[in-house]
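First comes the structure, then the notes that go with it.
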Amino acid sequence: MHMKILFVTSEAHPLIKTGGLADVSNSLPRALSALRQDVRLVMPAYRCITTDERPRPLFSSHTARGDSYRLLETRLPGTRIPVYLVDIPMLYDRPGGPYADEHGRDWPDNAHRFAAFADVVAQLTGPARLSGWQPDILHCNDWQTGLVPVILRDKPHPPVLFTIHNLAYQGIFAREWFERLGLDDTLWSMHALEFYGSFSFMKGGLVYADWITTVSPTYADEIMRPEFGCGLEGVLQSRADRLSGILNGIDTTAWDPRHDPLIAQTYNARKLSDKRVNRDALCRHFGIEVGTGPLCGSIGRLVWQKGIDLIIDLLPELLTEGWRFVFLGSGETDIENRLCDLARQFPGRLGVEIGYHERLAHLIEAGADIFVMPSRFEPCGMNQMYSMRYGTPPVVRRTGGLADTVSCANGGGDGQDITGFCFDEPNADALRAALRQAAESFSDRRRWQQIMRNAMRREFGWRSSARQYLARYQALLRQ
């Protein structure tokens with residue numbers, strides 16, 4: 001079935017990126033397009049968006065709340081997929097990022113910014129707006145799009161699929177904003193948008209979408225429990241018959257050690273010795289001593305969710321024993337400072353770079369021996385899939401997408417099915433045990449190379465996941 005799909009997102013790589021949502025917003029539309037679907041994106045026109053071609057204006061209009069906007073059109077770089085940019089300079093033409101200023105502080109009017117975006121998206125569902133192109137499906141993503149199904153609830157509209165990428169980020173705002181946005185009083189209810197005295201954009205998506213997906217099957221189960229549900233587990237339980245998990249894929253073209261232009265030496269599962277060139281380059285970059293033990297890498301947000309504090313608690317002990325670690329990321333100031341302090345205490349054994357650089361991320365995936373990702377919760381995660389593709393077995397907590405993607409060692413055996421190492425309890429002792437298990441396997445060269453090859457053979461492309469989304473769209477249209 002040929003469908004017209006409007007993919008609604010607040011970010012898309014390489015136009016703009018703060019996290020995994022941007023990667024999905026690039027890769028999934030391209031995979032759907034490869035399946036001969038007519039998919040188009042819509043997102044805000046932030047100042048920092050970079051495009052291959054100059055956006056062209058399509059029309060000007062006003063939102064239901066009176067904001068003047070222009071709709072611009074460009075292309076997803078490297079494709080023919082149209083991207084519509086909602087241009088409201090007062091709301092989006094700012095320094096900094098899509099959600100926060102250059103100092104990392106949330107924009108105080110985010111409620112207005114993404115309510116206006118939702119207004120425009122709702123208008124685009126009509127037949128007259130996009131030169132007769134009318135979507136068959138709206139695919140909304142995360143809290144920034146949560147008001148779209150709310151606005152459309154009493155109007156004729158295409159089915160709305162709403163994807164949760166991370167339930168911990170909900171778009172919660174004070175009652176004052178509810179009133180300033182002119183939302184219907186009937187929506188101030190525990191059965192609608194009200195959330196413990198405030199209101200939640202995310203809850204709007206969960207209550208009013210026609211179907212809800214999240215980014216791994218295990219996470220879909222977890223978020224219906226209090227420890228993962230972030231206060232919304234009751235809503236999700238009530239919609240359990242309309243909730244499913246579809247595992248994210250990765251861009252296997254951009255992340256391919258056989259052809260990666262961003263690493264020091266390309267390699268494959270038949271020539272693992274070339275991986276050492278990348279380890280040497282990574283050590284040189286961070287000034288890390290050459291050693292015989294494993295070099296561990298970590299990339300991502302330096303926040304509590306990612307369990308970085310669990311690694312930090314172990315670092316003095318492990319670094320004293322001769323372990324070596326490199327970190328790339330940014331996040332909570334306390335975690336950044338603790339890592340930087342330890343790097344000064346252990347020169348040559350701990351390398352830390354605050355920020356994000358694509359080339360260095362690729363080099364860490366290729367050059368590290370072990371990738372460490374001890375997340376307290378992880379909706380899907382992509383770095384563990386990147387690391388396996390690069391023959392860098394991950395150490396992960398058994399949760400969310402990590403549980404769905406990493407085949408863990410349970411002691412013994414010859415490594416025939418193992419692709420990584422897992423632990424269950426979110427504490428430093430459990431992480432230590434998993435790291436030591438990985439180090440023991442690393443010391444057995446034959447076993448370790450088997451684990452590396454297992455990991456590199458795993459298929460994490462988008463084609464299977466895109467087909468699952470396509471089947472869900474088709475089911476919604478039939479219903």
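Just remember, in the structure tokens the first chain shown is A, the second B, etc., residues are 1-based per chain, and ligands are 1-based in the order shown.
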**Prompt:** as a ChimeraX atom specification, which residues of segment 287-371 of chain A does DSSP assign to strand (DSSP E or B)?
**Reply:** /A:295-299,302,324-329,331,350-354,370-371
Can I get the selected residues back with N, CA and C atoms, as a PDB file, in the first residue's frame?
ATOM      1  N   LEU A 295      41.007  -1.154  26.718  1.00  0.00           N
ATOM      2  CA  LEU A 295      40.719   0.274  26.717  1.00  0.00           C
ATOM      3  C   LEU A 295      39.204   0.428  26.616  1.00  0.00           C
ATOM      4  N   CYS A 296      38.588   1.103  27.584  1.00  0.00           N
ATOM      5  CA  CYS A 296      37.132   1.239  27.644  1.00  0.00           C
ATOM      6  C   CYS A 296      36.704   2.610  27.153  1.00  0.00           C
ATOM      7  N   GLY A 297      35.636   2.659  26.386  1.00  0.00           N
ATOM      8  CA  GLY A 297      35.112   3.916  25.870  1.00  0.00           C
ATOM      9  C   GLY A 297      33.683   4.159  26.312  1.00  0.00           C
ATOM     10  N   SER A 298      33.308   5.438  26.390  1.00  0.00           N
ATOM     11  CA  SER A 298      31.936   5.827  26.719  1.00  0.00           C
ATOM     12  C   SER A 298      31.610   7.109  25.973  1.00  0.00           C
ATOM     13  N   ILE A 299      30.437   7.127  25.346  1.00  0.00           N
ATOM     14  CA  ILE A 299      29.976   8.305  24.600  1.00  0.00           C
ATOM     15  C   ILE A 299      28.535   8.563  24.996  1.00  0.00           C
ATOM     16  N   LEU A 302      26.236  13.014  29.930  1.00  0.00           N
ATOM     17  CA  LEU A 302      26.804  12.749  31.249  1.00  0.00           C
ATOM     18  C   LEU A 302      25.753  13.095  32.295  1.00  0.00           C
ATOM     19  N   ARG A 324      42.161   1.587  31.526  1.00  0.00           N
ATOM     20  CA  ARG A 324      42.182   2.857  30.797  1.00  0.00           C
ATOM     21  C   ARG A 324      40.784   3.153  30.261  1.00  0.00           C
ATOM     22  N   PHE A 325      40.370   4.405  30.383  1.00  0.00           N
ATOM     23  CA  PHE A 325      39.035   4.828  29.960  1.00  0.00           C
ATOM     24  C   PHE A 325      39.124   6.128  29.174  1.00  0.00           C
ATOM     25  N   VAL A 326      38.197   6.280  28.206  1.00  0.00           N
ATOM     26  CA  VAL A 326      38.017   7.571  27.518  1.00  0.00           C
ATOM     27  C   VAL A 326      36.521   7.890  27.498  1.00  0.00           C
ATOM     28  N   PHE A 327      36.200   9.177  27.699  1.00  0.00           N
ATOM     29  CA  PHE A 327      34.814   9.634  27.740  1.00  0.00           C
ATOM     30  C   PHE A 327      34.632  10.792  26.770  1.00  0.00           C
ATOM     31  N   LEU A 328      33.490  10.787  26.088  1.00  0.00           N
ATOM     32  CA  LEU A 328      33.078  11.906  25.240  1.00  0.00           C
ATOM     33  C   LEU A 328      31.627  12.209  25.546  1.00  0.00           C
ATOM     34  N   GLY A 329      31.327  13.450  25.913  1.00  0.00           N
ATOM     35  CA  GLY A 329      29.940  13.818  26.182  1.00  0.00           C
ATOM     36  C   GLY A 329      29.854  15.069  27.021  1.00  0.00           C
ATOM     37  N   GLY A 331      26.895  17.148  29.978  1.00  0.00           N
ATOM     38  CA  GLY A 331      25.669  16.967  30.747  1.00  0.00           C
ATOM     39  C   GLY A 331      25.698  17.704  32.054  1.00  0.00           C
ATOM     40  N   LEU A 350      43.148   8.121  31.912  1.00  0.00           N
ATOM     41  CA  LEU A 350      41.763   8.584  31.734  1.00  0.00           C
ATOM     42  C   LEU A 350      41.764   9.798  30.820  1.00  0.00           C
ATOM     43  N   GLY A 351      41.012   9.703  29.732  1.00  0.00           N
ATOM     44  CA  GLY A 351      40.839  10.821  28.814  1.00  0.00           C
ATOM     45  C   GLY A 351      39.396  11.277  28.806  1.00  0.00           C
ATOM     46  N   VAL A 352      39.181  12.584  28.897  1.00  0.00           N
ATOM     47  CA  VAL A 352      37.831  13.149  28.950  1.00  0.00           C
ATOM     48  C   VAL A 352      37.750  14.309  27.973  1.00  0.00           C
ATOM     49  N   GLU A 353      36.733  14.313  27.128  1.00  0.00           N
ATOM     50  CA  GLU A 353      36.465  15.456  26.263  1.00  0.00           C
ATOM     51  C   GLU A 353      35.003  15.840  26.443  1.00  0.00           C
ATOM     52  N   ILE A 354      34.780  17.055  26.922  1.00  0.00           N
ATOM     53  CA  ILE A 354      33.437  17.559  27.154  1.00  0.00           C
ATOM     54  C   ILE A 354      32.893  18.147  25.850  1.00  0.00           C
ATOM     55  N   ILE A 370      36.309  -2.125  24.723  1.00  0.00           N
ATOM     56  CA  ILE A 370      35.034  -2.360  25.403  1.00  0.00           C
ATOM     57  C   ILE A 370      34.278  -1.044  25.437  1.00  0.00           C
ATOM     58  N   PHE A 371      32.977  -1.088  25.177  1.00  0.00           N
ATOM     59  CA  PHE A 371      32.140   0.105  25.288  1.00  0.00           C
ATOM     60  C   PHE A 371      31.296  -0.036  26.564  1.00  0.00           C
TER      61      PHE A 371
END
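For segment 257-266 of chain A, the list of residues within 6 Å, based on only C-alpha atoms and with local chain neighbours fewer than 6 positions off taken out, reads Asn278, Arg359, Leu363 and Tyr390 of chain A.
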Would you save the residues from that selection as an mmCIF file, in the first residue's frame, using C-alpha atoms?
data_model
loop_
_atom_site.group_PDB
_atom_site.id
_atom_site.type_symbol
_atom_site.label_atom_id
_atom_site.label_comp_id
_atom_site.auth_asym_id
_atom_site.auth_seq_id
_atom_site.Cartn_x
_atom_site.Cartn_y
_atom_site.Cartn_z
ATOM 1 C CA ASN A 278 42.303 2.895 15.633
ATOM 2 C CA ARG A 359 34.775 12.152 14.148
ATOM 3 C CA LEU A 363 37.133 6.808 16.548
ATOM 4 C CA TYR A 390 32.579 -1.934 15.182
#
**Asked** Looking only at the backbone, which of the residues in segment 40-105 of chain A does DSSP tag as helix (DSSP H, G or I), as a PyMOL selection string?
**Response** chain A and resi 89-92
**Asked** Contacts of Val207 of chain A at 8 Å or less, counting only C-alpha atoms, minus same-chain residues fewer than 4 places along, as JSON, numbers by chain?
**Response** {"A": [191, 192, 203, 235, 239]}
Give me a file of those residues, with N, CA and C atoms, as a short mmCIF file (atom, residue, chain, number, x, y, z; two decimals), in the first residue's frame.
data_model
loop_
_atom_site.label_atom_id
_atom_site.label_comp_id
_atom_site.auth_asym_id
_atom_site.auth_seq_id
_atom_site.Cartn_x
_atom_site.Cartn_y
_atom_site.Cartn_z
N HIS A 191 -7.79 12.84 33.28
CA HIS A 191 -8.01 11.97 32.14
C HIS A 191 -7.56 12.62 30.84
N ALA A 192 -7.06 13.85 30.92
CA ALA A 192 -6.60 14.56 29.72
C ALA A 192 -5.17 15.07 29.95
N LYS A 203 1.64 13.72 27.91
CA LYS A 203 0.40 13.05 28.27
C LYS A 203 -0.66 13.28 27.19
N VAL A 235 -1.69 5.90 32.79
CA VAL A 235 -2.18 6.25 31.45
C VAL A 235 -1.78 5.17 30.46
N ARG A 239 -3.95 2.24 28.12
CA ARG A 239 -3.85 2.18 26.66
C ARG A 239 -2.97 1.02 26.20
#
**Asked** Between A:Leu236, A:Met452, A:Leu193, A:Leu76, which is the closest to Leu167 of chain A once you count only C-alpha atoms?
**Response** A:Leu236
Report as JSON lines the residues of segment 173-210 of chain A within 6 Å of segment 137-161 of chain A, each with its shortest atom pair and distance in Å (one decimal), using only C-alpha atoms, ordered by chain and increasing residue number.
{"residue": "A:Phe201", "atom": "CA", "partner": "A:Gly146", "partner_atom": "CA", "distance": 4.8}
{"residue": "A:Met202", "atom": "CA", "partner": "A:Trp143", "partner_atom": "CA", "distance": 4.2}
{"residue": "A:Gly204", "atom": "CA", "partner": "A:Gly146", "partner_atom": "CA", "distance": 5.3}
{"residue": "A:Gly205", "atom": "CA", "partner": "A:Gly146", "partner_atom": "CA", "distance": 4.2}
{"residue": "A:Tyr208", "atom": "CA", "partner": "A:Pro149", "partner_atom": "CA", "distance": 5.5}
{"residue": "A:Ala209", "atom": "CA", "partner": "A:Val160", "partner_atom": "CA", "distance": 5.3}
{"residue": "A:Asp210", "atom": "CA", "partner": "A:Val160", "partner_atom": "CA", "distance": 5.3}
Selected residues written out with N, CA and C atoms, as a PDB file, in the first residue's frame:
ATOM      1  N   PHE A 201       2.594  17.943  27.892  1.00  0.00           N
ATOM      2  CA  PHE A 201       2.469  17.730  26.456  1.00  0.00           C
ATOM      3  C   PHE A 201       2.541  16.234  26.130  1.00  0.00           C
ATOM      4  N   MET A 202       3.461  15.523  26.783  1.00  0.00           N
ATOM      5  CA  MET A 202       3.603  14.092  26.536  1.00  0.00           C
ATOM      6  C   MET A 202       2.295  13.364  26.818  1.00  0.00           C
ATOM      7  N   GLY A 204      -0.647  14.459  26.587  1.00  0.00           N
ATOM      8  CA  GLY A 204      -1.575  14.712  25.486  1.00  0.00           C
ATOM      9  C   GLY A 204      -1.401  13.729  24.362  1.00  0.00           C
ATOM     10  N   GLY A 205      -0.150  13.439  24.005  1.00  0.00           N
ATOM     11  CA  GLY A 205       0.100  12.458  22.955  1.00  0.00           C
ATOM     12  C   GLY A 205      -0.355  11.072  23.351  1.00  0.00           C
ATOM     13  N   TYR A 208      -4.447  10.990  23.426  1.00  0.00           N
ATOM     14  CA  TYR A 208      -5.252  11.280  22.236  1.00  0.00           C
ATOM     15  C   TYR A 208      -4.723  10.672  20.935  1.00  0.00           C
ATOM     16  N   ALA A 209      -3.528  10.111  20.924  1.00  0.00           N
ATOM     17  CA  ALA A 209      -3.051   9.465  19.695  1.00  0.00           C
ATOM     18  C   ALA A 209      -3.844   8.189  19.436  1.00  0.00           C
ATOM     19  N   ASP A 210      -3.894   7.791  18.171  1.00  0.00           N
ATOM     20  CA  ASP A 210      -4.602   6.564  17.807  1.00  0.00           C
ATOM     21  C   ASP A 210      -3.776   5.321  18.131  1.00  0.00           C
TER      22      ASP A 210
END
**Who sits within 7 Å of Leu85 of chain A, only C-alpha atoms, same chain under 3 positions skipped, as a PyMOL selection string** = chain A and resi 42-45+71-73
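As for atom CA of Phe228 of chain A and atom CA of Thr18 of chain A, they are spaced 22.5 Å apart.
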**Prompt:** Quick one: residues within 12 Å of Asp444 of chain A, only C-alpha atoms counted, chain neighbours fewer than 4 positions away excluded, as number ranges by chain?
**Reply:** A: 293-294, 414-415, 437-440, 448-451
Just the selected residues (N, CA and C atoms), exported as an mmCIF file, in the first residue's frame, please.
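Wrote it out as again-v7.cif, contents follow:
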data_model
loop_
_atom_site.group_PDB
_atom_site.id
_atom_site.type_symbol
_atom_site.label_atom_id
_atom_site.label_comp_id
_atom_site.auth_asym_id
_atom_site.auth_seq_id
_atom_site.Cartn_x
_atom_site.Cartn_y
_atom_site.Cartn_z
ATOM 1 N N GLY A 293 45.976 -4.300 28.886
ATOM 2 C CA GLY A 293 44.593 -4.513 29.271
ATOM 3 C C GLY A 293 43.641 -3.772 28.340
ATOM 4 N N PRO A 294 42.336 -3.967 28.527
ATOM 5 C CA PRO A 294 41.359 -3.338 27.630
ATOM 6 C C PRO A 294 41.254 -1.837 27.818
ATOM 7 N N ASP A 414 32.010 -20.881 24.949
ATOM 8 C CA ASP A 414 33.089 -20.461 24.059
ATOM 9 C C ASP A 414 32.771 -19.170 23.331
ATOM 10 N N GLY A 415 31.686 -18.498 23.741
ATOM 11 C CA GLY A 415 31.379 -17.206 23.147
ATOM 12 C C GLY A 415 30.613 -17.287 21.856
ATOM 13 N N GLN A 437 34.214 -9.466 34.262
ATOM 14 C CA GLN A 437 33.888 -10.586 33.386
ATOM 15 C C GLN A 437 34.338 -10.292 31.958
ATOM 16 N N ALA A 438 34.117 -9.033 31.511
ATOM 17 C CA ALA A 438 34.565 -8.646 30.175
ATOM 18 C C ALA A 438 36.085 -8.704 30.077
ATOM 19 N N ALA A 439 36.784 -8.242 31.126
ATOM 20 C CA ALA A 439 38.249 -8.251 31.105
ATOM 21 C C ALA A 439 38.789 -9.678 31.070
ATOM 22 N N GLU A 440 38.125 -10.589 31.774
ATOM 23 C CA GLU A 440 38.541 -11.990 31.762
ATOM 24 C C GLU A 440 38.403 -12.567 30.355
ATOM 25 N N TRP A 448 37.754 -13.759 22.751
ATOM 26 C CA TRP A 448 37.400 -12.357 22.525
ATOM 27 C C TRP A 448 37.126 -12.080 21.054
ATOM 28 N N GLN A 449 37.936 -12.638 20.188
ATOM 29 C CA GLN A 449 37.710 -12.415 18.759
ATOM 30 C C GLN A 449 36.400 -13.052 18.309
ATOM 31 N N GLN A 450 36.016 -14.167 18.924
ATOM 32 C CA GLN A 450 34.717 -14.769 18.609
ATOM 33 C C GLN A 450 33.593 -13.829 19.005
ATOM 34 N N ILE A 451 33.711 -13.217 20.196
ATOM 35 C CA ILE A 451 32.680 -12.270 20.652
ATOM 36 C C ILE A 451 32.632 -11.059 19.729
#
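Pairwise distance (atom CA of Ala455 of chain A, atom CA of Ser216 of chain A) equals 18.8 Å.
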**Message:** Please determine, counting only C-alpha atoms, which residue among A:Gly197, A:Gly97, A:Gly249, A:Gly420 has the shortest atom-to-atom distance to Arg463 of chain A.
**Reply:** A:Gly249
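The spacing separating atom CA of Pro29 of chain A from atom CA of Pro55 of chain A amounts to 19.2 Å.
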